[in-house]
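Listing of query.pdb, PDB, C-alpha atoms
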ATOM      1  CA  MET A 203       9.781  20.574  -9.366
ATOM      2  CA  GLU A 204      11.374  19.887  -6.075
ATOM      3  CA  THR A 205      10.537  17.647  -3.169
ATOM      4  CA  THR A 206      11.027  19.430   0.115
ATOM      5  CA  LYS A 207      10.024  16.592   2.415
ATOM      6  CA  VAL A 208       9.729  13.016   1.211
ATOM      7  CA  ASN A 209       7.816  11.879   4.230
ATOM      8  CA  ALA A 210       5.896  14.745   5.821
ATOM      9  CA  ALA A 211       3.329  12.485   7.503
ATOM     10  CA  TYR A 212       1.935   8.977   7.444
ATOM     11  CA  LEU A 213      -1.611   8.325   6.320
ATOM     12  CA  CYS A 214      -3.607   5.273   7.259
ATOM     13  CA  ASN A 215      -5.602   3.404   4.646
ATOM     14  CA  TYR A 216      -8.864   4.783   5.993
ATOM     15  CA  GLU A 217      -7.782   8.408   5.500
ATOM     16  CA  VAL A 218      -6.633   7.728   1.954
ATOM     17  CA  MET A 219      -9.900   6.032   1.111
ATOM     18  CA  GLN A 220     -11.941   8.956   2.467
ATOM     19  CA  ILE A 221      -9.967  11.512   0.472
ATOM     20  CA  LEU A 222     -10.099   9.518  -2.742
ATOM     21  CA  GLN A 223     -13.788   8.827  -2.450
ATOM     22  CA  GLN A 224     -14.522  12.523  -1.988
ATOM     23  CA  LEU A 225     -12.370  13.264  -4.979
ATOM     24  CA  LYS A 226     -14.208  10.678  -7.051
ATOM     25  CA  ASP A 227     -17.588  12.134  -6.138
ATOM     26  CA  SER A 228     -16.591  15.742  -6.783
ATOM     27  CA  THR A 229     -15.006  15.071 -10.173
ATOM     28  CA  GLN A 230     -17.984  13.043 -11.298
ATOM     29  CA  LYS A 231     -20.258  15.979 -10.612
ATOM     30  CA  LYS A 232     -18.242  18.304 -12.778
ATOM     31  CA  HIS A 233     -18.181  15.858 -15.699
ATOM     32  CA  LYS A 234     -14.522  16.218 -16.310
ATOM     33  CA  ARG A 235     -12.381  13.245 -15.612
ATOM     34  CA  GLU A 236      -8.655  13.466 -15.795
ATOM     35  CA  GLY A 237      -7.333  10.232 -17.287
ATOM     36  CA  SER A 238      -4.504   9.175 -15.004
ATOM     37  CA  LEU A 239      -6.072  10.615 -11.846
ATOM     38  CA  ALA A 240      -9.316   8.755 -12.524
ATOM     39  CA  THR A 241      -7.401   5.524 -13.122
ATOM     40  CA  VAL A 242      -5.308   5.688  -9.994
ATOM     41  CA  THR A 243      -8.155   6.763  -7.711
ATOM     42  CA  TYR A 244     -10.423   4.033  -9.076
ATOM     43  CA  GLU A 245      -7.787   1.335  -8.657
ATOM     44  CA  THR A 246      -6.720   2.480  -5.212
ATOM     45  CA  VAL A 247     -10.274   2.726  -3.902
ATOM     46  CA  HIS A 248     -10.964  -0.687  -5.423
ATOM     47  CA  TYR A 249      -7.994  -2.125  -3.507
ATOM     48  CA  LEU A 250      -8.844  -0.376  -0.240
ATOM     49  CA  GLN A 251     -12.459  -1.508  -0.372
ATOM     50  CA  ASP A 252     -11.348  -5.109   0.040
ATOM     51  CA  THR A 253      -9.349  -4.292   3.162
ATOM     52  CA  ASP A 254     -10.539  -3.897   6.730
ATOM     53  CA  CYS A 255     -10.470  -0.100   6.513
ATOM     54  CA  LYS A 256     -13.869  -0.101   4.801
ATOM     55  CA  LYS A 257     -15.671  -0.415   8.122
ATOM     56  CA  GLN A 258     -13.396   1.855  10.147
ATOM     57  CA  ASN A 259     -14.228   5.354  11.316
ATOM     58  CA  PRO A 260     -12.214   8.064  13.074
ATOM     59  CA  ALA A 261     -13.732   7.272  16.474
ATOM     60  CA  SER A 262     -12.949   3.563  16.314
ATOM     61  CA  ILE A 263      -9.377   4.195  15.150
ATOM     62  CA  LYS A 264      -8.864   6.679  17.986
ATOM     63  CA  LYS A 265     -10.229   4.217  20.507
ATOM     64  CA  PHE A 266      -7.937   1.499  19.154
ATOM     65  CA  LEU A 267      -4.864   3.762  19.305
ATOM     66  CA  ASP A 268      -5.732   4.889  22.830
ATOM     67  CA  GLY A 269      -5.907   1.251  23.832
ATOM     68  CA  LEU A 270      -2.526   0.550  22.238
ATOM     69  CA  LYS A 271      -0.861   3.229  24.368
ATOM     70  CA  ASN A 272      -0.447   0.652  27.142
ATOM     71  CA  PHE A 273       1.928  -1.365  25.000
ATOM     72  CA  LYS A 274       5.308  -0.144  23.869
ATOM     73  CA  LEU A 275       4.822  -0.144  20.120
ATOM     74  CA  THR A 276       6.452   2.071  17.515
ATOM     75  CA  LYS A 277       4.510   4.424  15.287
ATOM     76  CA  THR A 278       4.840   2.269  12.181
ATOM     77  CA  GLU A 279       3.813  -0.838  14.095
ATOM     78  CA  LYS A 280       0.659   0.926  15.247
ATOM     79  CA  LEU A 281      -0.002   2.144  11.718
ATOM     80  CA  MET A 282       0.288  -1.403  10.396
ATOM     81  CA  MET A 283      -2.080  -2.612  13.095
ATOM     82  CA  VAL A 284      -4.657  -0.037  12.018
ATOM     83  CA  ASN A 285      -4.237  -0.942   8.346
ATOM     84  CA  THR A 286      -4.272  -4.680   8.929
ATOM     85  CA  PRO A 287      -5.792  -5.295  12.369
ATOM     86  CA  PRO A 288      -4.159  -8.412  13.812
ATOM     87  CA  ARG A 289      -6.477 -11.375  14.377
ATOM     88  CA  THR A 290      -3.939 -13.981  15.419
ATOM     89  CA  GLU A 291      -0.743 -14.165  17.490
ATOM     90  CA  LEU A 292       1.156 -14.933  14.322
ATOM     91  CA  GLU A 293       0.132 -11.609  12.777
ATOM     92  CA  ILE A 294       1.364  -9.702  15.826
ATOM     93  CA  GLN A 295       4.685 -11.527  15.626
ATOM     94  CA  LEU A 296       5.023 -10.376  12.032
ATOM     95  CA  ILE A 297       4.127  -6.749  12.704
ATOM     96  CA  ALA A 298       6.094  -6.203  15.901
ATOM     97  CA  GLN A 299       9.795  -6.949  15.751
ATOM     98  CA  GLU A 300      11.037  -9.289  18.478
ATOM     99  CA  SER A 301       7.539  -9.415  19.836
ATOM    100  CA  GLU A 302       8.331 -12.399  22.041
ATOM    101  CA  GLU A 303      10.611 -10.250  24.174
ATOM    102  CA  ARG A 304       8.565  -7.070  24.122
ATOM    103  CA  LEU A 305       5.061  -8.410  24.555
ATOM    104  CA  SER A 306       3.836 -11.028  26.983
ATOM    105  CA  GLU A 307       1.248 -13.603  25.966
ATOM    106  CA  GLU A 308      -1.245 -11.591  27.962
ATOM    107  CA  ASP A 309      -0.401  -8.416  25.999
ATOM    108  CA  VAL A 310      -0.810 -10.227  22.693
ATOM    109  CA  ARG A 311      -4.197 -11.554  23.744
ATOM    110  CA  LYS A 312      -5.293  -8.064  24.806
ATOM    111  CA  ILE A 313      -4.212  -6.513  21.486
ATOM    112  CA  ILE A 314      -6.179  -9.106  19.518
ATOM    113  CA  GLU A 315      -9.223  -8.483  21.692
ATOM    114  CA  LEU A 316      -8.862  -4.749  21.202
ATOM    115  CA  ALA A 317      -8.538  -5.157  17.436
ATOM    116  CA  ASN A 318     -11.608  -7.356  17.245
ATOM    117  CA  GLU A 319     -13.588  -4.948  19.380
ATOM    118  CA  CYS A 320     -12.617  -1.615  17.773
ATOM    119  CA  LEU A 321     -11.816  -2.628  14.229
ATOM    120  CA  PRO A 322     -13.986  -5.597  13.326
ATOM    121  CA  ALA A 323     -13.128  -7.588  10.223
ATOM    122  CA  ASN A 324     -14.721  -6.923   6.875
ATOM    123  CA  GLU A 325     -17.715  -9.238   6.595
ATOM    124  CA  SER A 326     -16.527 -12.588   5.291
TER     125      SER A 326
ATOM    126  CA  MET B  46       1.786   2.309   3.178
ATOM    127  CA  PHE B  47       0.717   5.818   2.173
ATOM    128  CA  VAL B  48       2.620   8.963   3.097
ATOM    129  CA  LEU B  49       2.358  12.660   2.421
ATOM    130  CA  ALA B  50       5.186  14.237   0.450
ATOM    131  CA  GLU B  51       5.775  17.952   0.564
ATOM    132  CA  MET B  52       6.741  19.441  -2.795
ATOM    133  CA  LYS B  53       7.325  22.758  -4.477
ATOM    134  CA  ASP B  54       6.733  23.591  -8.110
ATOM    135  CA  VAL B  55       6.113  26.462 -10.477
ATOM    136  CA  ILE B  56       2.803  26.004 -12.246
ATOM    137  CA  ARG B  57       2.192  27.520 -15.646
ATOM    138  CA  ILE B  58      -1.443  28.370 -16.269
ATOM    139  CA  THR B  59      -2.339  29.129 -19.860
ATOM    140  CA  PRO B  60      -4.741  32.019 -20.519
ATOM    141  CA  GLU B  61      -7.671  29.792 -21.489
ATOM    142  CA  HIS B  62      -7.864  28.672 -17.852
ATOM    143  CA  PHE B  63      -7.950  32.197 -16.424
ATOM    144  CA  HIS B  64     -11.723  32.002 -15.964
ATOM    145  CA  GLN B  65     -11.237  29.321 -13.302
ATOM    146  CA  SER B  66     -10.130  30.163  -9.809
ATOM    147  CA  LEU B  67      -6.390  29.875  -9.210
ATOM    148  CA  THR B  68      -6.709  27.044  -6.692
ATOM    149  CA  GLU B  69      -8.930  25.074  -9.032
ATOM    150  CA  SER B  70      -6.505  25.356 -11.947
ATOM    151  CA  ILE B  71      -3.540  24.497  -9.735
ATOM    152  CA  THR B  72      -5.313  21.412  -8.376
ATOM    153  CA  THR B  73      -6.191  20.195 -11.855
ATOM    154  CA  LEU B  74      -2.732  20.837 -13.237
ATOM    155  CA  LEU B  75      -0.899  19.216 -10.322
ATOM    156  CA  ASN B  76      -3.095  16.143 -10.486
ATOM    157  CA  ARG B  77      -2.617  15.938 -14.235
ATOM    158  CA  LYS B  78       1.121  16.226 -13.848
ATOM    159  CA  LEU B  79       1.688  13.807 -10.970
ATOM    160  CA  ALA B  80      -1.246  11.420 -10.485
ATOM    161  CA  ASN B  81      -0.306   7.796 -11.204
ATOM    162  CA  LYS B  82       3.329   8.706 -11.797
ATOM    163  CA  VAL B  83       6.432   7.650  -9.930
ATOM    164  CA  VAL B  84       8.672  10.412  -8.626
ATOM    165  CA  LEU B  85      12.280   9.311  -8.168
ATOM    166  CA  ASN B  86      13.017   8.416  -4.542
ATOM    167  CA  VAL B  87       9.572   9.579  -3.454
ATOM    168  CA  GLY B  88       7.122   6.917  -4.594
ATOM    169  CA  LEU B  89       3.978   6.483  -6.642
ATOM    170  CA  CYS B  90       1.905   9.686  -6.550
ATOM    171  CA  ILE B  91      -1.806   9.168  -6.033
ATOM    172  CA  ALA B  92      -3.620  12.488  -5.608
ATOM    173  CA  LEU B  93      -3.201  16.039  -4.317
ATOM    174  CA  TYR B  94      -3.787  16.296  -0.568
ATOM    175  CA  ASP B  95      -3.650  20.056  -0.007
ATOM    176  CA  ILE B  96      -1.998  23.263  -1.143
ATOM    177  CA  ILE B  97       0.135  24.812   1.578
ATOM    178  CA  ASP B  98       1.154  28.043  -0.056
ATOM    179  CA  ILE B  99       0.508  29.911  -3.296
ATOM    180  CA  GLY B 100       3.137  32.499  -4.163
ATOM    181  CA  ASN B 101       2.860  35.481  -6.461
ATOM    182  CA  SER B 102       1.986  34.874 -10.082
ATOM    183  CA  TYR B 103       4.281  36.272 -12.762
ATOM    184  CA  ILE B 104       3.791  36.891 -16.445
ATOM    185  CA  PHE B 105       6.938  36.794 -18.558
ATOM    186  CA  PRO B 106       7.469  38.710 -21.795
ATOM    187  CA  GLY B 107       6.381  36.706 -24.824
ATOM    188  CA  ASP B 108       4.186  34.303 -22.861
ATOM    189  CA  GLY B 109       0.632  35.105 -21.833
ATOM    190  CA  SER B 110       0.573  32.385 -19.191
ATOM    191  CA  SER B 111       0.910  33.034 -15.503
ATOM    192  CA  HIS B 112       3.647  31.308 -13.513
ATOM    193  CA  THR B 113       2.897  30.624  -9.879
ATOM    194  CA  GLU B 114       5.100  29.057  -7.273
ATOM    195  CA  VAL B 115       3.113  26.542  -5.253
ATOM    196  CA  LYS B 116       3.918  24.499  -2.174
ATOM    197  CA  PHE B 117       1.689  21.462  -1.792
ATOM    198  CA  ARG B 118       1.361  18.021  -0.278
ATOM    199  CA  PHE B 119       0.688  14.926  -2.337
ATOM    200  CA  ILE B 120      -0.542  11.495  -1.282
ATOM    201  CA  VAL B 121       2.187   9.037  -2.191
ATOM    202  CA  PHE B 122       2.296   5.249  -2.097
ATOM    203  CA  ARG B 123       5.581   4.397  -0.403
ATOM    204  CA  PRO B 124       5.495   1.396   1.896
ATOM    205  CA  VAL B 125       8.087   1.309   4.650
ATOM    206  CA  VAL B 126      10.719  -1.418   4.306
ATOM    207  CA  GLU B 127       9.686  -4.222   6.699
ATOM    208  CA  GLU B 128       6.012  -3.341   6.297
ATOM    209  CA  ILE B 129       3.516  -6.158   5.884
ATOM    210  CA  LEU B 130       1.194  -5.758   2.896
ATOM    211  CA  ILE B 131      -1.580  -7.840   1.421
ATOM    212  CA  GLY B 132      -1.820  -8.153  -2.355
ATOM    213  CA  LYS B 133      -2.948 -10.539  -5.032
ATOM    214  CA  ILE B 134      -0.765 -12.877  -7.076
ATOM    215  CA  LYS B 135      -0.533 -11.612 -10.637
ATOM    216  CA  ASN B 136       1.429 -14.507 -12.046
ATOM    217  CA  CYS B 137       4.314 -16.833 -11.336
ATOM    218  CA  SER B 138       7.466 -17.211 -13.360
ATOM    219  CA  ARG B 139      10.886 -18.811 -12.961
ATOM    220  CA  GLU B 140      12.149 -15.624 -11.300
ATOM    221  CA  GLY B 141       9.519 -15.727  -8.597
ATOM    222  CA  VAL B 142       6.022 -14.603  -7.786
ATOM    223  CA  HIS B 143       4.668 -11.337  -9.171
ATOM    224  CA  VAL B 144       2.219  -9.546  -6.906
ATOM    225  CA  THR B 145      -0.186  -6.712  -7.655
ATOM    226  CA  LEU B 146      -2.027  -4.287  -5.398
ATOM    227  CA  GLY B 147      -4.387  -3.215  -8.176
ATOM    228  CA  PHE B 148      -2.917   0.267  -8.484
ATOM    229  CA  PHE B 149       0.697  -0.899  -8.230
ATOM    230  CA  ASP B 150       2.104  -3.906 -10.068
ATOM    231  CA  ASP B 151       5.863  -3.910  -9.811
ATOM    232  CA  ILE B 152       6.210  -6.185  -6.818
ATOM    233  CA  VAL B 153       8.226  -9.361  -7.084
ATOM    234  CA  ILE B 154       8.946 -12.047  -4.548
ATOM    235  CA  PRO B 155      12.197 -13.672  -5.673
ATOM    236  CA  VAL B 156      12.793 -17.417  -5.475
ATOM    237  CA  ASN B 157      15.093 -17.179  -2.480
ATOM    238  CA  ALA B 158      12.424 -15.348  -0.458
ATOM    239  CA  LEU B 159       9.696 -17.985  -0.946
ATOM    240  CA  GLN B 160       8.759 -20.468   1.733
ATOM    241  CA  HIS B 161      11.291 -23.286   1.875
ATOM    242  CA  PRO B 162      11.205 -25.772   0.171
ATOM    243  CA  SER B 163       9.363 -24.535  -2.914
ATOM    244  CA  ARG B 164       9.376 -25.785  -6.488
ATOM    245  CA  PHE B 165       8.110 -24.361  -9.760
ATOM    246  CA  ASP B 166       5.372 -26.397 -11.403
ATOM    247  CA  GLU B 167       5.864 -26.124 -15.180
ATOM    248  CA  THR B 168       2.452 -27.484 -16.152
ATOM    249  CA  ASP B 169       0.488 -25.172 -13.892
ATOM    250  CA  GLN B 170       2.989 -22.301 -14.122
ATOM    251  CA  ALA B 171       2.783 -21.816 -10.398
ATOM    252  CA  TRP B 172       5.082 -22.021  -7.407
ATOM    253  CA  VAL B 173       4.357 -24.773  -4.939
ATOM    254  CA  TRP B 174       5.331 -24.816  -1.285
ATOM    255  CA  GLU B 175       6.194 -28.407  -0.398
ATOM    256  CA  TYR B 176       5.046 -28.319   3.181
ATOM    257  CA  PRO B 177       6.626 -31.245   5.011
ATOM    258  CA  LYS B 178       4.189 -33.342   6.966
ATOM    259  CA  GLU B 179       5.113 -35.164  10.106
ATOM    260  CA  ASP B 180       5.049 -38.586   8.433
ATOM    261  CA  GLY B 181       7.761 -37.515   6.009
ATOM    262  CA  GLU B 182       5.423 -36.875   3.110
ATOM    263  CA  LYS B 183       4.959 -33.526   1.442
ATOM    264  CA  HIS B 184       1.820 -31.472   1.193
ATOM    265  CA  ASP B 185       1.728 -29.348  -1.960
ATOM    266  CA  LEU B 186       0.481 -25.800  -1.447
ATOM    267  CA  PHE B 187      -0.064 -24.105  -4.804
ATOM    268  CA  MET B 188       0.296 -20.368  -5.335
ATOM    269  CA  ASP B 189      -2.274 -19.705  -8.053
ATOM    270  CA  SER B 190      -2.774 -16.309  -9.617
ATOM    271  CA  GLY B 191      -5.572 -14.224  -8.133
ATOM    272  CA  GLU B 192      -5.036 -15.512  -4.596
ATOM    273  CA  SER B 193      -4.541 -13.023  -1.759
ATOM    274  CA  ILE B 194      -1.014 -13.050  -0.412
ATOM    275  CA  ARG B 195       0.568 -11.450   2.650
ATOM    276  CA  PHE B 196       4.199 -10.425   2.225
ATOM    277  CA  ARG B 197       6.896  -8.341   3.832
ATOM    278  CA  VAL B 198       8.533  -5.499   1.915
ATOM    279  CA  THR B 199      12.252  -6.283   1.979
ATOM    280  CA  SER B 200      13.686  -3.668  -0.368
ATOM    281  CA  GLU B 201      12.772  -1.051  -2.930
ATOM    282  CA  THR B 202      14.555   0.304  -5.981
ATOM    283  CA  PHE B 203      14.018   3.420  -8.015
ATOM    284  CA  GLU B 204      15.097   3.485 -11.626
ATOM    285  CA  GLU B 205      15.434   6.624 -13.666
ATOM    286  CA  SER B 206      13.334   6.070 -16.772
ATOM    287  CA  LEU B 207      13.911   7.652 -20.129
ATOM    288  CA  PRO B 208      11.297   9.932 -21.615
ATOM    289  CA  THR B 209       9.143   8.169 -24.176
ATOM    290  CA  GLY B 210       9.455   9.244 -27.785
ATOM    291  CA  PRO B 211       6.777  11.191 -29.620
ATOM    292  CA  PRO B 212       3.667   9.109 -30.293
ATOM    293  CA  GLY B 213       3.697   7.179 -33.546
ATOM    294  CA  THR B 214       7.454   6.720 -33.761
ATOM    295  CA  GLU B 215       8.854   3.237 -34.057
ATOM    296  CA  CYS B 216      11.779   3.560 -31.650
ATOM    297  CA  THR B 217      11.495   0.837 -29.069
ATOM    298  CA  ILE B 218      12.560   2.093 -25.697
ATOM    299  CA  GLN B 219      13.160  -0.624 -23.171
ATOM    300  CA  THR B 220      10.643  -0.019 -20.453
ATOM    301  CA  VAL B 221      12.030  -0.398 -16.969
ATOM    302  CA  ALA B 222       9.760  -0.218 -13.979
ATOM    303  CA  PRO B 223      10.584   3.115 -12.317
ATOM    304  CA  TYR B 224       9.750   1.857  -8.842
ATOM    305  CA  ARG B 225      10.053  -1.780  -7.839
ATOM    306  CA  ILE B 226       9.337  -3.450  -4.555
ATOM    307  CA  VAL B 227      10.979  -6.710  -3.550
ATOM    308  CA  GLY B 228       9.002  -8.757  -1.082
ATOM    309  CA  GLY B 229       9.525 -11.879   0.948
ATOM    310  CA  ILE B 230       7.263 -14.592   2.329
ATOM    311  CA  ASN B 231       9.852 -16.793   4.036
ATOM    312  CA  GLU B 232       8.492 -16.369   7.551
ATOM    313  CA  PRO B 233       5.692 -18.145   9.343
ATOM    314  CA  GLY B 234       2.447 -16.241   8.821
ATOM    315  CA  LEU B 235       3.414 -14.961   5.401
ATOM    316  CA  GLY B 236       2.155 -16.326   2.104
ATOM    317  CA  LEU B 237      -1.364 -17.038   0.933
ATOM    318  CA  LEU B 238      -3.944 -15.960   3.492
ATOM    319  CA  THR B 239      -5.625 -19.368   3.207
ATOM    320  CA  TRP B 240      -2.481 -21.156   4.424
ATOM    321  CA  TRP B 241      -2.759 -19.659   7.886
ATOM    322  CA  GLU B 242      -6.502 -19.297   8.246
ATOM    323  CA  ALA B 243      -7.164 -22.868   9.359
ATOM    324  CA  PRO B 244      -7.776 -23.222  13.087
ATOM    325  CA  GLU B 245      -4.654 -24.331  14.883
ATOM    326  CA  GLN B 246      -6.417 -26.241  17.624
ATOM    327  CA  ASP B 247      -4.424 -29.411  17.077
ATOM    328  CA  ASP B 248      -0.989 -28.025  17.894
ATOM    329  CA  GLY B 249      -0.667 -27.232  21.537
ATOM    330  CA  ASP B 250      -3.149 -25.722  23.904
ATOM    331  CA  GLU B 251      -1.613 -22.272  24.198
ATOM    332  CA  ASN B 252      -3.501 -21.175  21.088
ATOM    333  CA  GLU B 253      -6.882 -21.354  22.679
ATOM    334  CA  GLU B 254      -8.778 -18.270  21.717
ATOM    335  CA  GLU B 255     -12.335 -17.334  22.213
ATOM    336  CA  ASN B 256     -13.915 -17.583  18.806
ATOM    337  CA  GLY B 257     -15.811 -14.328  19.003
ATOM    338  CA  GLU B 258     -17.984 -14.273  15.877
TER     339      GLU B 258
END
Would you mind writing the file out in structure tokens?
Amino acid sequence: METTKVNAAYLCNYEVMQILQQLKDSTQKKHKREGSLATVTYETVHYLQDTDCKKQNPASIKKFLDGLKNFKLTKTEKLMMVNTPPRTELEIQLIAQESEERLSEEDVRKIIELANECLPANES
Amino acid sequence: MFVLAEMKDVIRITPEHFHQSLTESITTLLNRKLANKVVLNVGLCIALYDIIDIGNSYIFPGDGSSHTEVKFRFIVFRPVVEEILIGKIKNCSREGVHVTLGFFDDIVIPVNALQHPSRFDETDQAWVWEYPKEDGEKHDLFMDSGESIRFRVTSETFEESLPTGPPGTECTIQTVAPYRIVGGINEPGLGLLTWWEAPEQDDGDENEEENGE
């Protein structure tokens, strides 16, 4: 076996959850469960269900990313914001490196608003 | 936190699976081979994403199985260094705090990457952040197991593991975690989610946010 590309593409948590859930449903129908695959899909879906990606959908993620285009953020920073939508200034400071220099207070406030609007939190 | 890895492999399909379609057998075999396993310098494999290319199948003398070269993409858990993740505390020990994501356990936050100052509570077997209060006293913040924790991935190590012996044998092979993540919580905002949830109305007025429920 050989790995040709370690990192061909990034996936957000929502995409992974969709794929795994489909997989879970299709294998259940056929009544044949592969041990390790069943374990890892169950555990991963279980983890992802507790995150904010449970309520996301492709349209809301697209809207959020379109909104983020106005700010100069890197790809991984945007990915992290989709996976864990920032709710406070502190969370933005953690995600974006040197955010104080790159983002104004106004920008930070707008990103939080955008996150709350497009990607609402999992019901508490 | 998840990536796609492109791989290439030759899949051997034994004759009893010839009644299935080729794609179906390949999917089953690849998932059986890789799901929930760590590939060196790639990450923890989760599930097959898609098959890019299926080459010609060959049958070799003396073996009734078909050998097919396949190119495919696999979903792999491989957080980027510097990424912020949320997990749950598995347990605490003298070496630090062990964190689990449910499907991945080998995450450790070493002592020097905890919030400062922290001490280890022997009776509760938990790390405690001694948060200094303004009046000089300390407020103890316990890190109990099961709590949700936000941490930053600071480094990762891959370890080549030895193959396990045949089942039933008594040889004890030291089990090393093939993929370990080292995290850190020594920054404001990191640590238990409950530490930072409280409204910060009392320190400064620049934190005024509309509390949109």
Check: Which value, in Å to one decimal, gives the distance between CA of Cys214 in chain A and CA of Met282 in chain A?
Finding: 8.3 Å
Next item on the list: Compute the chain B side of the contact with chain A at 6 Å, counting all atoms listed in the file, and hand it back as a list in words.
Entry: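 Contact residues on the first chain: Phe47, Val48, Leu49, Ala50, Glu51, Met52, Lys53, Asp54, Ala80, Asn81, Val87, Gly147, Phe148 and Gly234 of chain B.
The space between CA of Glu302 in chain A and CA of Leu186 in chain B spans 28.2 Å.
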Next item on the list: Given the file shown, determine the residues that the PyMOL selection byres ((chain B and resi 154) around 10) selects; report them as a ChimeraX atom specification.
Entry: /B:137,140-144,152-153,155-159,196-199,226-231
Item checked: Non-local contacts of range 257-267 of chain A (8 Å; all atoms listed in the file; under 5 positions in same chain excluded) as a PyMOL selection string -> chain A and resi 216+280+284+316-317+320-324
Check: What does the distance from CA of Arg57 in chain B to CA of Val84 in chain B come to in Å, to one decimal?
Finding: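 We find that CA of Arg57 in chain B and CA of Val84 in chain B lie 19.6 Å from each other.
With all atoms listed in the file as the atoms that count, the minimum distance from Asp185 in chain B to the choices B:Gln160, B:Ser110, B:Gln65, B:Thr202 is reached by B:Gln160.
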Note to self: I'd like the contact shell of Leu305 in chain A - 10 Å cut-off, only C-alpha atoms, skipping same-chain residues fewer than 5 positions apart - returned as a ChimeraX atom specification.
What the structure shows: /A:273-275,294-295,298,300,310-311,313
Written record: range 112-147 of chain B, C-alpha atoms, as a PDB file, in the first residue's frame:
ATOM      1  CA  HIS B 112      -5.463  -8.854  -7.861  1.00  0.00           C
ATOM      2  CA  THR B 113      -6.636  -5.370  -8.706  1.00  0.00           C
ATOM      3  CA  GLU B 114      -4.771  -2.123  -8.426  1.00  0.00           C
ATOM      4  CA  VAL B 115      -7.014   0.521  -6.895  1.00  0.00           C
ATOM      5  CA  LYS B 116      -6.599   4.237  -6.327  1.00  0.00           C
ATOM      6  CA  PHE B 117      -8.899   5.586  -3.640  1.00  0.00           C
ATOM      7  CA  ARG B 118      -9.448   8.338  -1.115  1.00  0.00           C
ATOM      8  CA  PHE B 119      -9.923   7.676   2.573  1.00  0.00           C
ATOM      9  CA  ILE B 120     -11.314   9.907   5.309  1.00  0.00           C
ATOM     10  CA  VAL B 121      -8.534  10.402   7.827  1.00  0.00           C
ATOM     11  CA  PHE B 122      -8.490  12.060  11.235  1.00  0.00           C
ATOM     12  CA  ARG B 123      -5.434  14.307  11.200  1.00  0.00           C
ATOM     13  CA  PRO B 124      -5.828  17.613  12.993  1.00  0.00           C
ATOM     14  CA  VAL B 125      -3.573  20.428  11.850  1.00  0.00           C
ATOM     15  CA  VAL B 126      -0.957  21.532  14.384  1.00  0.00           C
ATOM     16  CA  GLU B 127      -2.299  24.737  15.991  1.00  0.00           C
ATOM     17  CA  GLU B 128      -5.889  23.603  15.482  1.00  0.00           C
ATOM     18  CA  ILE B 129      -8.360  24.113  18.305  1.00  0.00           C
ATOM     19  CA  LEU B 130     -10.316  20.990  19.249  1.00  0.00           C
ATOM     20  CA  ILE B 131     -12.930  20.206  21.848  1.00  0.00           C
ATOM     21  CA  GLY B 132     -12.737  16.893  23.693  1.00  0.00           C
ATOM     22  CA  LYS B 133     -13.583  15.331  27.007  1.00  0.00           C
ATOM     23  CA  ILE B 134     -11.211  14.688  29.900  1.00  0.00           C
ATOM     24  CA  LYS B 135     -10.552  10.971  30.203  1.00  0.00           C
ATOM     25  CA  ASN B 136      -8.482  11.109  33.351  1.00  0.00           C
ATOM     26  CA  CYS B 137      -5.731  13.029  35.078  1.00  0.00           C
ATOM     27  CA  SER B 138      -2.372  11.704  36.144  1.00  0.00           C
ATOM     28  CA  ARG B 139       0.956  13.104  37.319  1.00  0.00           C
ATOM     29  CA  GLU B 140       2.064  13.432  33.689  1.00  0.00           C
ATOM     30  CA  GLY B 141      -0.862  15.628  32.764  1.00  0.00           C
ATOM     31  CA  VAL B 142      -4.413  15.510  31.528  1.00  0.00           C
ATOM     32  CA  HIS B 143      -5.551  12.762  29.169  1.00  0.00           C
ATOM     33  CA  VAL B 144      -8.220  13.799  26.692  1.00  0.00           C
ATOM     34  CA  THR B 145     -10.483  11.688  24.502  1.00  0.00           C
ATOM     35  CA  LEU B 146     -12.537  12.525  21.429  1.00  0.00           C
ATOM     36  CA  GLY B 147     -14.545   9.309  21.676  1.00  0.00           C
TER      37      GLY B 147
END
